[in-house]
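Student: Structure in structure tokens, see below.
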Amino acid sequence: MTEQLSKSSLLSLASPYDIESTCQKIGAALAPLGFTLLFTVDHAAAAAKVGIVMPATRVLFFGNPANGSPLILQAPTLAIDLPARVLVAQDTSGKVKVSWNDPAFLQQRHGLSVPALAALGQTLASALA
């Protein structure tokens with residue numbers, strides 16, 4: 001049986017910055033927490049390669065093996081949600097929104113506390129203030 005992912009499992013914030021600045025501020029804010037930007041998936045660039053025009057949409061993948069690896073040992077299913085992902089998307093009017101998995105959702109989904117990810121939302125809010 002498959003569970004439907006609801007929007008309530010995602011948290012979002014509006015960013016007052018353009019997409020480039022938003023991505024840079026997120027990276028700078030997460031680095032002191034031990035998160036390293038591993039890679040970025042640029043959906044708009046990929047769409048452009050096949051002739052589809054879409055607003056800027058990027059998924060930033062951040063890892064912190066010192067925190068994540070022990071958690072994956074406790075709950076191997078957590079590996080499906082790690083490394084942590086942050087969606088940065090611009091709508092057609094140019095507004096930028098940042099979204100990420102709610103740590104409470106991850107806790108419920110995998111049956112464990114994820115304190116490193118709990119700090120993610122507070123850090124993102126601070127970075128975008």
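Letters A, B, ... go to the chains of the structure tokens in the order shown; residues in each chain start at 1; ligands are counted from 1 in the same order.
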Kindly assemble as a tab-separated table a list of the range 81-113 of chain A residues that lie within 8 Å of range 50-70 of chain A, each paired with its nearest atom pair and their distance in Å to one decimal, using only C-alpha atoms, sorted first by chain and then by ascending residue number.
Tutor:
```
residue	atom	partner	partner_atom	distance
A:Leu82	CA	A:Gly63	CA	7.3
A:Pro83	CA	A:Gly63	CA	4.9
A:Ala84	CA	A:Phe62	CA	5.1
A:Arg85	CA	A:Phe61	CA	4.6
A:Val86	CA	A:Leu60	CA	5.1
A:Leu87	CA	A:Val59	CA	4.4
A:Val88	CA	A:Arg58	CA	5.2
A:Ala89	CA	A:Thr57	CA	4.3
A:Gln90	CA	A:Ala56	CA	5.3
A:Asp91	CA	A:Pro55	CA	6.0
A:Thr92	CA	A:Pro55	CA	6.1
```
Student: Hey, what's within 9 Å of Phe105 in chain A if we count only C-alpha atoms and toss same-chain stuff fewer than 6 positions away? As a list in words, please?
Tutor: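 Near neighbours after the sequence-gap exclusion: Ser8, Ser9 and Leu10 of chain A.
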Student: Selected residues, C-alpha atoms, written as a PDB file, in the first residue's frame, please.
Tutor:
```pdb
ATOM      1  CA  SER A   8       1.435  19.379   4.783  1.00  0.00           C
ATOM      2  CA  SER A   9       4.649  17.338   4.775  1.00  0.00           C
ATOM      3  CA  LEU A  10       6.398  20.305   3.168  1.00  0.00           C
TER       4      LEU A  10
END
```
Student: Quick one: of A:Ala79, A:Val98, A:Ala104, A:Thr123, who's nearest to Phe35 in chain A, counting only C-alpha atoms?
Tutor: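 Checking each of A:Ala79, A:Val98, A:Ala104, A:Thr123 against Phe35 in chain A, counting only C-alpha atoms, the winner is A:Thr123.
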Student: Could you pull out all residues of chain A with a DSSP call of helix (DSSP H, G or I) and give them as a ChimeraX atom specification?
Tutor: /A:7-9,19-33,43-49,65-74,76-80,103-110,115-127
Student: Could you pull the residues within 10 Å of range 15-18 of chain A, counting only C-alpha atoms, minus those fewer than 3 positions along the same chain, as a compact mmCIF listing (two decimals) with C-alpha atoms, in the first residue's frame?
Tutor:
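Writing the result to part_34.txt gives the following:
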```
# COMPACT_ATOMS: atom_id res chain seq x y z
CA SER A 12 7.75 26.75 2.66
CA SER A 21 20.81 35.24 -4.14
CA THR A 22 18.39 32.88 -2.40
CA CYS A 23 20.51 29.83 -3.27
CA LYS A 25 22.14 32.70 1.17
CA ALA A 56 13.78 28.84 -12.45
CA VAL A 88 14.06 26.95 -4.59
CA ALA A 89 11.44 27.83 -7.18
CA GLN A 90 10.44 31.01 -8.95
CA GLY A 94 9.12 36.24 -10.44
CA LYS A 95 8.46 35.48 -6.78
CA VAL A 96 10.80 32.95 -5.18
CA LYS A 97 9.70 30.30 -2.70
CA VAL A 98 11.83 27.90 -0.66
CA LEU A 124 16.38 29.06 6.33
CA ALA A 125 14.03 31.60 7.92
CA ALA A 127 18.83 33.42 5.99
CA LEU A 128 15.85 34.81 4.12
CA ALA A 129 14.93 37.52 6.64
```
Student: Suppose you want the space between CA of Ile19 in chain A and CA of His43 in chain A; what is it in Å?
Tutor: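 CA of His43 in chain A lies 13.0 Å from CA of Ile19 in chain A.
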